[in-house]
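Q: Input: one structure, supplied below.
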Amino acid sequence: MVQSMFRTGVLVRAGHTLLTWVTTLILFLHDTDLRRCEERGELLLPLLFFFLVVMSVLLYFAVSLMDPGFVLTDAVKGVEGSNEEMESMIPQTSTPPRLRRCGYCLLQQPMRAKHCQTCQHCVRRFDHHCPWIENCVGERNHRWFIVYLLVQLLALLWALHIALSGISPGVTWELWFRVNGFLLAALLVVGVFSVVASLLLGCHLYLASINCTTWEFMSRHRISYLKNCECEENPFDRGFFCNLLDFFCICRTVMWEQVYKRNTLNPA
């Protein structure tokens, strides 16, 4: 039973939610800018901050519970046995690797898919398995993962400013720690998560801008469709703006085999 709870991420999500609301409660109850605004009857900033926190929690659950793009059937029939005339036009060095069957779920893997042993499924355009959301980041939820990181980072930076505004001076160090203990704990939590969220957001925006995934970036030398490419070559790269436009605006399943063939036939 305990293993099942860990597997479904119940404890991770409950822990994240509890930490979020305990930290928010500390910021509202102490003598911070939020508390001062409430006492003056200025409710706009407290309501905006509360709304931002709620949005971050909702996005967290949306991304963590969303199907990241699990491969459930052999849905790429016809890609491997594609048009013979087209195949003959492709130079031998540019021929995309034959699609392979996953050794775990025994399904044919689309290009850019990878099996996640934690989720026990192959995931389309696999990026990584994130222990923070206890879910894979893949083709269907990657854009929402970045949106979540952005909203979360905004909430964390605002919380950092609010926590700093509530630090009170003390006559002695012992008294100072006693008065500001909860705020210092909140500062520590918010500070650590701010650094993590900002690094993750920067890395994922960069990878989206070059149409690459974390798995492809880290394991390029082991991936069949990339290891024979030149060092800086990315067969899926369409340029900075087109990559970001496709990443955030295209919601359908992409046949990466066709993109690979088109780009190797007509290199930029």
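Simple scheme: letters A, B, ... for chains in structure tokens order, numbers from 1 for residues in each chain, numbers from 1 for ligands in the order shown.
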Could you tell me, as a ChimeraX atom specification, which residues of stretch 48-252 of chain A DSSP assigns to alpha helix (DSSP H) when given the backbone?
A: /A:48-65,84-89,142-165,173-209,214-218,240-249
Q: When DSSP is applied to the backbone of this structure, which of stretch 82-220 of chain A are assigned strand (DSSP E or B)? Write them out as a list in words.
A: Arg101, Gln108, Lys114, His115, Cys116, His121, Cys122, Val123, His128, His129, Cys130, Asn135, Cys136 and Val137 of chain A
Q: Pull N, CA and C atoms from the residues just selected and write them as an mmCIF file, in the first residue's frame.
A:
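What landed in out_9.cif:
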data_model
loop_
_atom_site.group_PDB
_atom_site.id
_atom_site.type_symbol
_atom_site.label_atom_id
_atom_site.label_comp_id
_atom_site.auth_asym_id
_atom_site.auth_seq_id
_atom_site.Cartn_x
_atom_site.Cartn_y
_atom_site.Cartn_z
ATOM 1 N N ARG A 101 11.401 -1.610 -31.199
ATOM 2 C CA ARG A 101 10.414 -1.961 -30.179
ATOM 3 C C ARG A 101 11.040 -1.798 -28.800
ATOM 4 N N GLN A 108 6.145 -0.336 -30.388
ATOM 5 C CA GLN A 108 7.052 0.349 -31.294
ATOM 6 C C GLN A 108 7.213 1.802 -30.848
ATOM 7 N N LYS A 114 10.981 7.619 -25.344
ATOM 8 C CA LYS A 114 11.855 6.819 -24.477
ATOM 9 C C LYS A 114 11.006 6.177 -23.396
ATOM 10 N N HIS A 115 11.423 5.015 -22.971
ATOM 11 C CA HIS A 115 10.700 4.327 -21.903
ATOM 12 C C HIS A 115 11.120 4.886 -20.550
ATOM 13 N N CYS A 116 10.144 5.216 -19.718
ATOM 14 C CA CYS A 116 10.407 5.661 -18.345
ATOM 15 C C CYS A 116 10.115 4.498 -17.416
ATOM 16 N N HIS A 121 6.009 3.390 -18.864
ATOM 17 C CA HIS A 121 5.444 3.645 -20.186
ATOM 18 C C HIS A 121 6.514 4.309 -21.045
ATOM 19 N N CYS A 122 6.392 4.139 -22.364
ATOM 20 C CA CYS A 122 7.169 4.965 -23.280
ATOM 21 C C CYS A 122 6.468 6.315 -23.401
ATOM 22 N N VAL A 123 7.250 7.383 -23.488
ATOM 23 C CA VAL A 123 6.705 8.746 -23.517
ATOM 24 C C VAL A 123 7.176 9.438 -24.785
ATOM 25 N N HIS A 128 12.275 14.261 -19.404
ATOM 26 C CA HIS A 128 12.837 13.654 -18.205
ATOM 27 C C HIS A 128 11.696 13.260 -17.278
ATOM 28 N N HIS A 129 11.999 12.435 -16.307
ATOM 29 C CA HIS A 129 11.026 12.151 -15.245
ATOM 30 C C HIS A 129 11.336 13.083 -14.087
ATOM 31 N N CYS A 130 10.364 13.896 -13.719
ATOM 32 C CA CYS A 130 10.586 14.929 -12.704
ATOM 33 C C CYS A 130 10.082 14.459 -11.339
ATOM 34 N N ASN A 135 6.006 12.860 -12.184
ATOM 35 C CA ASN A 135 5.440 12.527 -13.492
ATOM 36 C C ASN A 135 6.515 12.773 -14.541
ATOM 37 N N CYS A 136 6.341 12.177 -15.697
ATOM 38 C CA CYS A 136 7.251 12.470 -16.800
ATOM 39 C C CYS A 136 6.915 13.815 -17.421
ATOM 40 N N VAL A 137 7.913 14.445 -18.004
ATOM 41 C CA VAL A 137 7.714 15.633 -18.826
ATOM 42 C C VAL A 137 7.924 15.189 -20.271
#
Q: Could you check the closest approach to A:Gly103 for each of A:Leu205, A:Gln117, A:Arg13, A:Leu25 and tell me which residue wins, using only C-alpha atoms?
A: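 Of A:Leu205, A:Gln117, A:Arg13, A:Leu25, the one nearest A:Gly103 is A:Gln117, counting only C-alpha atoms.
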Q: Mind checking which residues fall within 9 Å of A:Leu52, counting only C-alpha atoms, ignoring those fewer than 3 positions away in the same chain, and posting them as a PDB file with all heavy atoms, in the first residue's frame?
A:
ATOM      1  N   LEU A  47      -4.634  39.945  -2.307  1.00  0.00           N
ATOM      2  CA  LEU A  47      -5.465  39.101  -3.165  1.00  0.00           C
ATOM      3  C   LEU A  47      -4.706  38.643  -4.406  1.00  0.00           C
ATOM      4  O   LEU A  47      -4.830  37.488  -4.838  1.00  0.00           O
ATOM      5  CB  LEU A  47      -6.737  39.852  -3.575  1.00  0.00           C
ATOM      6  CG  LEU A  47      -7.798  40.015  -2.480  1.00  0.00           C
ATOM      7  CD1 LEU A  47      -8.949  40.881  -2.968  1.00  0.00           C
ATOM      8  CD2 LEU A  47      -8.326  38.646  -2.035  1.00  0.00           C
ATOM      9  N   LEU A  48      -3.900  39.528  -4.981  1.00  0.00           N
ATOM     10  CA  LEU A  48      -3.101  39.152  -6.146  1.00  0.00           C
ATOM     11  C   LEU A  48      -2.084  38.077  -5.789  1.00  0.00           C
ATOM     12  O   LEU A  48      -1.874  37.116  -6.539  1.00  0.00           O
ATOM     13  CB  LEU A  48      -2.388  40.378  -6.721  1.00  0.00           C
ATOM     14  CG  LEU A  48      -3.228  41.332  -7.559  1.00  0.00           C
ATOM     15  CD1 LEU A  48      -2.403  42.551  -7.969  1.00  0.00           C
ATOM     16  CD2 LEU A  48      -3.776  40.639  -8.802  1.00  0.00           C
ATOM     17  N   PHE A  49      -1.441  38.223  -4.633  1.00  0.00           N
ATOM     18  CA  PHE A  49      -0.469  37.217  -4.204  1.00  0.00           C
ATOM     19  C   PHE A  49      -1.157  35.886  -3.956  1.00  0.00           C
ATOM     20  O   PHE A  49      -0.657  34.826  -4.378  1.00  0.00           O
ATOM     21  CB  PHE A  49       0.248  37.681  -2.939  1.00  0.00           C
ATOM     22  CG  PHE A  49       1.231  36.672  -2.404  1.00  0.00           C
ATOM     23  CD1 PHE A  49       2.431  36.443  -3.060  1.00  0.00           C
ATOM     24  CD2 PHE A  49       0.945  35.942  -1.254  1.00  0.00           C
ATOM     25  CE1 PHE A  49       3.339  35.502  -2.580  1.00  0.00           C
ATOM     26  CE2 PHE A  49       1.842  35.004  -0.769  1.00  0.00           C
ATOM     27  CZ  PHE A  49       3.040  34.785  -1.433  1.00  0.00           C
ATOM     28  N   MET A  55      -2.859  29.791  -8.431  1.00  0.00           N
ATOM     29  CA  MET A  55      -2.543  29.435  -9.811  1.00  0.00           C
ATOM     30  C   MET A  55      -1.360  28.473  -9.874  1.00  0.00           C
ATOM     31  O   MET A  55      -1.360  27.508 -10.651  1.00  0.00           O
ATOM     32  CB  MET A  55      -2.225  30.696 -10.614  1.00  0.00           C
ATOM     33  CG  MET A  55      -3.444  31.463 -11.083  1.00  0.00           C
ATOM     34  SD  MET A  55      -4.446  30.534 -12.259  1.00  0.00           S
ATOM     35  CE  MET A  55      -3.290  30.335 -13.619  1.00  0.00           C
ATOM     36  N   SER A  56      -0.333  28.713  -9.063  1.00  0.00           N
ATOM     37  CA  SER A  56       0.843  27.830  -9.073  1.00  0.00           C
ATOM     38  C   SER A  56       0.469  26.424  -8.599  1.00  0.00           C
ATOM     39  O   SER A  56       0.951  25.433  -9.157  1.00  0.00           O
ATOM     40  CB  SER A  56       1.956  28.418  -8.201  1.00  0.00           C
ATOM     41  OG  SER A  56       1.655  28.306  -6.826  1.00  0.00           O
ATOM     42  N   VAL A  57      -0.400  26.331  -7.596  1.00  0.00           N
ATOM     43  CA  VAL A  57      -0.827  25.017  -7.093  1.00  0.00           C
ATOM     44  C   VAL A  57      -1.675  24.286  -8.139  1.00  0.00           C
ATOM     45  O   VAL A  57      -1.490  23.086  -8.383  1.00  0.00           O
ATOM     46  CB  VAL A  57      -1.607  25.165  -5.771  1.00  0.00           C
ATOM     47  CG1 VAL A  57      -2.219  23.834  -5.351  1.00  0.00           C
ATOM     48  CG2 VAL A  57      -0.696  25.694  -4.665  1.00  0.00           C
ATOM     49  N   VAL A 151       5.130  30.656 -13.452  1.00  0.00           N
ATOM     50  CA  VAL A 151       4.199  31.127 -12.417  1.00  0.00           C
ATOM     51  C   VAL A 151       4.766  30.841 -11.032  1.00  0.00           C
ATOM     52  O   VAL A 151       4.701  31.688 -10.121  1.00  0.00           O
ATOM     53  CB  VAL A 151       2.818  30.469 -12.597  1.00  0.00           C
ATOM     54  CG1 VAL A 151       1.889  30.823 -11.440  1.00  0.00           C
ATOM     55  CG2 VAL A 151       2.183  30.903 -13.918  1.00  0.00           C
ATOM     56  N   GLN A 152       5.336  29.660 -10.854  1.00  0.00           N
ATOM     57  CA  GLN A 152       5.928  29.300  -9.562  1.00  0.00           C
ATOM     58  C   GLN A 152       7.079  30.234  -9.196  1.00  0.00           C
ATOM     59  O   GLN A 152       7.204  30.660  -8.045  1.00  0.00           O
ATOM     60  CB  GLN A 152       6.422  27.854  -9.608  1.00  0.00           C
ATOM     61  CG  GLN A 152       6.990  27.341  -8.300  1.00  0.00           C
ATOM     62  CD  GLN A 152       5.924  27.117  -7.248  1.00  0.00           C
ATOM     63  OE1 GLN A 152       5.204  26.138  -7.284  1.00  0.00           O
ATOM     64  NE2 GLN A 152       5.821  28.021  -6.292  1.00  0.00           N
ATOM     65  N   LEU A 154       7.549  33.358 -10.222  1.00  0.00           N
ATOM     66  CA  LEU A 154       6.996  34.665  -9.867  1.00  0.00           C
ATOM     67  C   LEU A 154       6.468  34.665  -8.440  1.00  0.00           C
ATOM     68  O   LEU A 154       6.714  35.604  -7.668  1.00  0.00           O
ATOM     69  CB  LEU A 154       5.881  35.045 -10.848  1.00  0.00           C
ATOM     70  CG  LEU A 154       6.305  35.368 -12.283  1.00  0.00           C
ATOM     71  CD1 LEU A 154       5.083  35.590 -13.168  1.00  0.00           C
ATOM     72  CD2 LEU A 154       7.219  36.591 -12.321  1.00  0.00           C
ATOM     73  N   ALA A 155       5.737  33.601  -8.074  1.00  0.00           N
ATOM     74  CA  ALA A 155       5.206  33.495  -6.706  1.00  0.00           C
ATOM     75  C   ALA A 155       6.340  33.410  -5.685  1.00  0.00           C
ATOM     76  O   ALA A 155       6.285  34.036  -4.614  1.00  0.00           O
ATOM     77  CB  ALA A 155       4.300  32.269  -6.597  1.00  0.00           C
TER      78      ALA A 155
END
Q: Which residues are close to A:Val12, i.e. within 12 Å by only C-alpha atoms, leaving aside same-chain residues fewer than 2 positions away? Reply as a ChimeraX atom specification.
A: /A:5-10,14-19,60-61,64,130-135
Q: Could you name the residues that touch A:Pro68 at 6 Å or less, counting only C-alpha atoms, but leaving out those on the same chain fewer than 5 positions away, as an MDAnalysis selection string?
A: chainID A and resid 137:138 140:141
Q: Which residues are close to stretch 228-240 of chain A, i.e. within 6 Å by only C-alpha atoms, leaving aside same-chain residues fewer than 3 positions away? Reply as a PyMOL selection string.
A: chain A and resi 209-211+243+260+263
Q: Could you save those same residues with N, CA, C and O atoms as a JSON list (two decimals), in the first residue's frame?
A:
[["chain", "number", "residue", "atom", "x", "y", "z"],
["A", 209, "SER", "N", 14.09, 26.48, -27.26],
["A", 209, "SER", "CA", 14.49, 27.39, -28.34],
["A", 209, "SER", "C", 15.35, 26.70, -29.39],
["A", 209, "SER", "O", 15.47, 27.18, -30.52],
["A", 210, "ILE", "N", 15.97, 25.56, -29.05],
["A", 210, "ILE", "CA", 16.76, 24.81, -30.03],
["A", 210, "ILE", "C", 16.09, 23.48, -30.39],
["A", 210, "ILE", "O", 16.69, 22.66, -31.09],
["A", 211, "ASN", "N", 14.85, 23.29, -29.92],
["A", 211, "ASN", "CA", 14.08, 22.07, -30.20],
["A", 211, "ASN", "C", 14.86, 20.82, -29.80],
["A", 211, "ASN", "O", 15.10, 19.91, -30.60],
["A", 243, "ASN", "N", 11.05, 27.43, -33.48],
["A", 243, "ASN", "CA", 11.08, 26.41, -32.43],
["A", 243, "ASN", "C", 10.16, 26.77, -31.27],
["A", 243, "ASN", "O", 9.39, 25.94, -30.78],
["A", 260, "TYR", "N", 12.48, 14.64, -39.36],
["A", 260, "TYR", "CA", 13.86, 14.18, -39.49],
["A", 260, "TYR", "C", 14.22, 13.96, -40.96],
["A", 260, "TYR", "O", 15.26, 14.43, -41.44],
["A", 263, "ASN", "N", 14.39, 17.34, -42.94],
["A", 263, "ASN", "CA", 15.55, 18.17, -42.63],
["A", 263, "ASN", "C", 16.85, 17.53, -43.10],
["A", 263, "ASN", "O", 17.82, 18.26, -43.40]]
Q: Skip A:Cys251 itself and residues of its chain fewer than 5 positions away, then list as a VMD selection string all residues within 12 Å of it, counting only C-alpha atoms.
A: chain A and resid 69 139 to 144 245 to 246
Q: Write the selection just made, keeping all heavy atoms, as an mmCIF file, in the first residue's frame?
A:
data_model
loop_
_atom_site.group_PDB
_atom_site.id
_atom_site.type_symbol
_atom_site.label_atom_id
_atom_site.label_comp_id
_atom_site.auth_asym_id
_atom_site.auth_seq_id
_atom_site.Cartn_x
_atom_site.Cartn_y
_atom_site.Cartn_z
ATOM 1 N N GLY A 69 2.167 12.091 -22.671
ATOM 2 C CA GLY A 69 2.314 11.591 -24.041
ATOM 3 C C GLY A 69 2.688 10.123 -24.049
ATOM 4 O O GLY A 69 3.563 9.703 -24.813
ATOM 5 N N GLU A 139 5.797 15.209 -24.534
ATOM 6 C CA GLU A 139 5.240 16.032 -25.603
ATOM 7 C C GLU A 139 3.974 16.782 -25.190
ATOM 8 O O GLU A 139 3.763 17.926 -25.592
ATOM 9 C CB GLU A 139 4.938 15.146 -26.820
ATOM 10 C CG GLU A 139 4.572 15.914 -28.069
ATOM 11 C CD GLU A 139 4.586 15.032 -29.304
ATOM 12 O OE1 GLU A 139 3.707 14.150 -29.412
ATOM 13 O OE2 GLU A 139 5.477 15.218 -30.144
ATOM 14 N N ARG A 140 3.121 16.173 -24.395
ATOM 15 C CA ARG A 140 1.830 16.790 -24.086
ATOM 16 C C ARG A 140 1.861 17.788 -22.943
ATOM 17 O O ARG A 140 1.023 18.692 -22.875
ATOM 18 C CB ARG A 140 0.797 15.696 -23.768
ATOM 19 C CG ARG A 140 0.383 14.885 -24.972
ATOM 20 C CD ARG A 140 -0.785 13.991 -24.635
ATOM 21 N NE ARG A 140 -1.208 13.213 -25.788
ATOM 22 C CZ ARG A 140 -2.196 12.332 -25.759
ATOM 23 N NH1 ARG A 140 -2.850 12.111 -24.620
ATOM 24 N NH2 ARG A 140 -2.521 11.664 -26.840
ATOM 25 N N ASN A 141 2.803 17.625 -22.000
ATOM 26 C CA ASN A 141 2.783 18.516 -20.834
ATOM 27 C C ASN A 141 4.027 19.378 -20.684
ATOM 28 O O ASN A 141 4.165 20.113 -19.708
ATOM 29 C CB ASN A 141 2.557 17.709 -19.547
ATOM 30 C CG ASN A 141 3.732 16.803 -19.203
ATOM 31 O OD1 ASN A 141 4.615 16.564 -20.036
ATOM 32 N ND2 ASN A 141 3.749 16.274 -17.995
ATOM 33 N N HIS A 142 4.959 19.314 -21.668
ATOM 34 C CA HIS A 142 6.203 20.062 -21.535
ATOM 35 C C HIS A 142 5.954 21.565 -21.513
ATOM 36 O O HIS A 142 6.517 22.298 -20.692
ATOM 37 C CB HIS A 142 7.166 19.694 -22.672
ATOM 38 C CG HIS A 142 8.589 20.055 -22.368
ATOM 39 N ND1 HIS A 142 9.650 19.612 -23.129
ATOM 40 C CD2 HIS A 142 9.144 20.807 -21.380
ATOM 41 C CE1 HIS A 142 10.778 20.082 -22.617
ATOM 42 N NE2 HIS A 142 10.497 20.816 -21.569
ATOM 43 N N ARG A 143 5.088 22.057 -22.418
ATOM 44 C CA ARG A 143 4.823 23.505 -22.452
ATOM 45 C C ARG A 143 4.170 23.962 -21.159
ATOM 46 O O ARG A 143 4.463 25.048 -20.649
ATOM 47 C CB ARG A 143 3.963 23.877 -23.660
ATOM 48 C CG ARG A 143 2.564 23.301 -23.661
ATOM 49 C CD ARG A 143 1.770 23.700 -24.896
ATOM 50 N NE ARG A 143 2.361 23.194 -26.112
ATOM 51 C CZ ARG A 143 2.138 21.975 -26.597
ATOM 52 N NH1 ARG A 143 1.356 21.150 -25.928
ATOM 53 N NH2 ARG A 143 2.704 21.581 -27.700
ATOM 54 N N TRP A 144 3.283 23.121 -20.606
ATOM 55 C CA TRP A 144 2.615 23.484 -19.351
ATOM 56 C C TRP A 144 3.573 23.398 -18.167
ATOM 57 O O TRP A 144 3.415 24.131 -17.187
ATOM 58 C CB TRP A 144 1.395 22.585 -19.130
ATOM 59 C CG TRP A 144 0.330 22.832 -20.141
ATOM 60 C CD1 TRP A 144 -0.057 22.011 -21.162
ATOM 61 C CD2 TRP A 144 -0.469 24.012 -20.255
ATOM 62 N NE1 TRP A 144 -1.047 22.609 -21.906
ATOM 63 C CE2 TRP A 144 -1.320 23.834 -21.364
ATOM 64 C CE3 TRP A 144 -0.535 25.197 -19.536
ATOM 65 C CZ2 TRP A 144 -2.229 24.805 -21.758
ATOM 66 C CZ3 TRP A 144 -1.445 26.164 -19.922
ATOM 67 C CH2 TRP A 144 -2.284 25.965 -21.019
ATOM 68 N N LEU A 245 7.659 28.955 -31.316
ATOM 69 C CA LEU A 245 6.272 28.998 -31.795
ATOM 70 C C LEU A 245 5.686 27.594 -31.857
ATOM 71 O O LEU A 245 4.555 27.361 -31.390
ATOM 72 C CB LEU A 245 6.223 29.665 -33.174
ATOM 73 C CG LEU A 245 4.828 29.913 -33.756
ATOM 74 C CD1 LEU A 245 4.076 30.937 -32.923
ATOM 75 C CD2 LEU A 245 4.935 30.378 -35.207
ATOM 76 N N ASP A 246 6.438 26.655 -32.417
ATOM 77 C CA ASP A 246 5.968 25.267 -32.483
ATOM 78 C C ASP A 246 5.788 24.677 -31.089
ATOM 79 O O ASP A 246 4.812 23.977 -30.816
ATOM 80 C CB ASP A 246 6.963 24.408 -33.272
ATOM 81 C CG ASP A 246 6.999 24.758 -34.748
ATOM 82 O OD1 ASP A 246 6.087 25.480 -35.204
ATOM 83 O OD2 ASP A 246 7.946 24.332 -35.442
#
Q: Choose the residue, out of A:Ile162, A:Ile146, A:Val190, A:Leu45, that has the smallest atom-to-atom separation from A:Cys203; count only C-alpha atoms.
A: A:Ile146
Q: For A:Arg100, which residue among A:Val195, A:Ile223, A:Cys212, A:Ala163 is the nearest when counting only C-alpha atoms?
A: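 Smallest separation from A:Arg100 among the options: A:Ile223.
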Q: What does the distance between atom CA of A:Leu44 and atom CA of A:Gly166 come to in Å, to one decimal place?
A: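 According to the coordinates, atom CA of A:Leu44 and atom CA of A:Gly166 are separated by 18.7 Å.
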Q: Taking only C-alpha atoms into account, which of A:Leu106, A:Val171, A:Tyr225, A:Ala208 comes nearest A:Leu244?
A: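 Answer, going by the shortest atom-to-atom distance: A:Ala208.
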Q: Using only C-alpha atoms, pick whichever of A:His161, A:Arg112, A:His30, A:Arg35 has the shortest atom-to-atom distance to A:Ser224.
A: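 Result for the nearest residue to A:Ser224: A:Arg112.
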Q: Using only C-alpha atoms for the distances, tell me which of A:Phe145, A:Phe182, A:Tyr206, A:Phe247 is nearest to A:Leu65.
A: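 Among A:Phe145, A:Phe182, A:Tyr206, A:Phe247, it is A:Phe145 that comes nearest to A:Leu65.
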